[in-house]
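Working notes for the structure below.
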Amino acid sequence: MDEKVTAVFCAVDEGDTKNISRIVKEALGAGYSAEEIMNSAMMPAMEAVGEKFHRNEYFVSDMLLSAKTMKKGIAVLKPYLGGNADDSPGNVIIGTVSGDLHDIGKDIVAAMLRASGFNVLDLGVDVSGAEFVEAAEKNRDVDIVAVSALLTATLPAMKKIVSELNAVKERRKFKIMVGGAPVTEKFAASIKADAYSEDAPEAVKAARRLMQELKEERRAGAD
């Protein structure tokens, strides 16, 4: 990895919000494309942050700082990404289920998704099935609906919400991802969600995977 690219990687990994803009500009000035900086430095850095979190080397505050740093770096890159400042890997609607007022986990996932370039519409906490459905129908370009629950007592609400989302007329246009402390992969499968993630780094990986599935399905549908 070249010195300039390594500097971007380290800035994101270490949460250097103060210097990231300058470091990214220097990499651009050295001839690296926005795509190279994103794919060779920023994304690998966030993956490294996720791995350190799993090894208990980084804490939630470290992840949020790295996410904030990457967001600032992306702001510098946006004018150079495909010539379109609105380029994004996908559009996500996220919220915590009705009856649950916890927002920390949801906020971390939203921050990590935004840092990875996703457009995120945060519905907040205590969100009903009707509100999730309305948001999915109103935002016709939605790709992923992410449903969070932090209390075991609200798992029935998650099940009901996913059922209501599955009944949406144009359901095939988006994927449903669930997560939160009491949620398991088995439970996610039982309520017919498309993906499950145990934490924020895994949520980003799941979102990328779901976007790839959507692209393949949309291509097949266009043929």
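Here's how to read the names in the structure tokens: chain A, B, ... by the order shown, residue numbers from 1 in each chain, ligand numbers from 1 in the order shown.
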
Close residues, segment 135-138 of chain A itself excluded, 10 Å, only C-alpha atoms, min 6 positions apart in chain, as a PyMOL selection string
chain A and resi 92-94+121+123+129+144-145+165+168-171+173-174

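Across segment 92-176 of chain A, DSSP run on the backbone finds strand (DSSP E or B) at Val92, Ile93, Ile94, Gly95, Thr96, Val97, Asn119, Val120, Leu121, Asp122, Val127, Ile144, Val145, Ala146, Val147, Ser148, Lys175 and Ile176 of chain A.
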
If you keep N, CA, C and O atoms, can you produce a file of those selected residues as a tab-separated table (two decimals), in the first residue's frame?
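The resulting file, selection-v2.tsv, is reproduced below:
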chain	number	residue	atom	x	y	z
A	92	VAL	N	-31.20	3.11	2.64
A	92	VAL	CA	-31.64	2.32	3.80
A	92	VAL	C	-32.61	3.12	4.66
A	92	VAL	O	-32.39	4.30	4.93
A	93	ILE	N	-33.69	2.46	5.08
A	93	ILE	CA	-34.59	3.00	6.09
A	93	ILE	C	-34.34	2.20	7.36
A	93	ILE	O	-34.29	0.97	7.32
A	94	ILE	N	-34.17	2.89	8.48
A	94	ILE	CA	-33.85	2.19	9.73
A	94	ILE	C	-34.70	2.74	10.87
A	94	ILE	O	-35.06	3.92	10.88
A	95	GLY	N	-35.01	1.88	11.83
A	95	GLY	CA	-35.76	2.32	12.99
A	95	GLY	C	-35.80	1.24	14.05
A	95	GLY	O	-35.55	0.07	13.78
A	96	THR	N	-36.11	1.65	15.29
A	96	THR	CA	-36.29	0.71	16.39
A	96	THR	C	-37.79	0.44	16.55
A	96	THR	O	-38.60	1.35	16.44
A	97	VAL	N	-38.14	-0.80	16.80
A	97	VAL	CA	-39.54	-1.23	16.79
A	97	VAL	C	-40.39	-0.56	17.86
A	97	VAL	O	-39.89	-0.05	18.86
A	119	ASN	N	-27.14	5.98	1.82
A	119	ASN	CA	-28.10	7.01	2.22
A	119	ASN	C	-29.01	6.39	3.27
A	119	ASN	O	-29.59	5.32	3.03
A	120	VAL	N	-29.13	7.02	4.41
A	120	VAL	CA	-29.90	6.43	5.52
A	120	VAL	C	-31.00	7.37	5.97
A	120	VAL	O	-30.75	8.54	6.29
A	121	LEU	N	-32.23	6.86	6.01
A	121	LEU	CA	-33.36	7.58	6.58
A	121	LEU	C	-33.67	6.94	7.92
A	121	LEU	O	-34.10	5.79	7.99
A	122	ASP	N	-33.43	7.68	9.00
A	122	ASP	CA	-33.61	7.17	10.36
A	122	ASP	C	-35.00	7.57	10.86
A	122	ASP	O	-35.28	8.75	11.06
A	127	VAL	N	-41.09	2.79	16.55
A	127	VAL	CA	-41.66	2.91	15.21
A	127	VAL	C	-42.63	1.74	14.95
A	127	VAL	O	-42.25	0.58	15.10
A	144	ILE	N	-33.14	-1.20	1.31
A	144	ILE	CA	-33.10	-2.03	2.52
A	144	ILE	C	-33.90	-1.35	3.63
A	144	ILE	O	-33.78	-0.13	3.84
A	145	VAL	N	-34.71	-2.14	4.33
A	145	VAL	CA	-35.39	-1.65	5.53
A	145	VAL	C	-34.77	-2.40	6.71
A	145	VAL	O	-34.82	-3.62	6.77
A	146	ALA	N	-34.14	-1.65	7.60
A	146	ALA	CA	-33.44	-2.24	8.75
A	146	ALA	C	-34.26	-2.03	10.02
A	146	ALA	O	-34.59	-0.89	10.38
A	147	VAL	N	-34.61	-3.13	10.68
A	147	VAL	CA	-35.49	-3.09	11.85
A	147	VAL	C	-34.70	-3.54	13.08
A	147	VAL	O	-34.14	-4.63	13.11
A	148	SER	N	-34.68	-2.69	14.11
A	148	SER	CA	-33.89	-2.97	15.31
A	148	SER	C	-34.77	-3.19	16.53
A	148	SER	O	-35.82	-2.55	16.68
A	175	LYS	N	-35.06	-5.22	0.51
A	175	LYS	CA	-34.71	-6.31	1.42
A	175	LYS	C	-34.95	-5.86	2.86
A	175	LYS	O	-34.90	-4.66	3.17
A	176	ILE	N	-35.18	-6.83	3.73
A	176	ILE	CA	-35.41	-6.54	5.14
A	176	ILE	C	-34.26	-7.11	5.97
A	176	ILE	O	-33.93	-8.29	5.86

Residue with smallest distance to Ala167 of chain A - pool A:Phe9, A:Tyr32, A:Phe132, A:Phe187, counting only C-alpha atoms:
A:Phe132

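Compared by their closest atoms to Thr184 of chain A, and using only C-alpha atoms, the residues A:Val8, A:Leu150, A:Ala110, A:Leu210 rank with A:Leu150 nearest.
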
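Atom CA of Ile108 of chain A is found 27.0 Å from atom CA of Arg172 of chain A.
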
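Counting only C-alpha atoms, the residue from A:Ala30, A:Ala75, A:Leu151, A:Val142 that sits nearest to Met211 of chain A is A:Val142.
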
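Straight-line separation from atom CA of Glu131 of chain A to atom CA of Ser163 of chain A: 13.3 Å.
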
Using DSSP on the backbone, list every residue of segment 7-173 of chain A that comes out as helix (DSSP H, G or I), and give them as number ranges by chain.
A: 7-14, 20-29, 34-54, 60-80, 104-115, 129-138, 152-166, 171-173

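Closest to Pro44 of chain A among A:Ile161, A:Met177, A:Met70, A:Arg22 is A:Met70, based on only C-alpha atoms.
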
Identify, on the basis of only C-alpha atoms, every residue whose closest approach to Ala200 of chain A does not exceed 7 Å; exclude the query and any residue fewer than 3 positions from it along the same chain; express the result as a VMD selection string.
chain A and resid 108 to 109 112 203 to 204

Kindly save the residues from that selection, with N, CA, C and O atoms included, as an mmCIF file, in the first residue's frame.
data_model
loop_
_atom_site.group_PDB
_atom_site.id
_atom_site.type_symbol
_atom_site.label_atom_id
_atom_site.label_comp_id
_atom_site.auth_asym_id
_atom_site.auth_seq_id
_atom_site.Cartn_x
_atom_site.Cartn_y
_atom_site.Cartn_z
ATOM 1 N N ILE A 108 -25.639 3.536 16.019
ATOM 2 C CA ILE A 108 -24.312 3.077 15.606
ATOM 3 C C ILE A 108 -24.380 2.443 14.224
ATOM 4 O O ILE A 108 -23.541 2.710 13.347
ATOM 5 N N VAL A 109 -25.401 1.610 13.997
ATOM 6 C CA VAL A 109 -25.569 0.990 12.678
ATOM 7 C C VAL A 109 -25.778 2.065 11.622
ATOM 8 O O VAL A 109 -25.167 2.021 10.546
ATOM 9 N N MET A 112 -22.478 3.796 10.865
ATOM 10 C CA MET A 112 -21.573 2.945 10.095
ATOM 11 C C MET A 112 -22.033 2.830 8.642
ATOM 12 O O MET A 112 -21.215 2.835 7.713
ATOM 13 N N ALA A 203 -23.594 -5.471 10.173
ATOM 14 C CA ALA A 203 -24.731 -4.866 9.479
ATOM 15 C C ALA A 203 -24.286 -4.259 8.151
ATOM 16 O O ALA A 203 -24.990 -4.352 7.144
ATOM 17 N N VAL A 204 -23.120 -3.624 8.148
ATOM 18 C CA VAL A 204 -22.595 -3.041 6.908
ATOM 19 C C VAL A 204 -22.304 -4.144 5.897
ATOM 20 O O VAL A 204 -22.646 -4.024 4.712
#
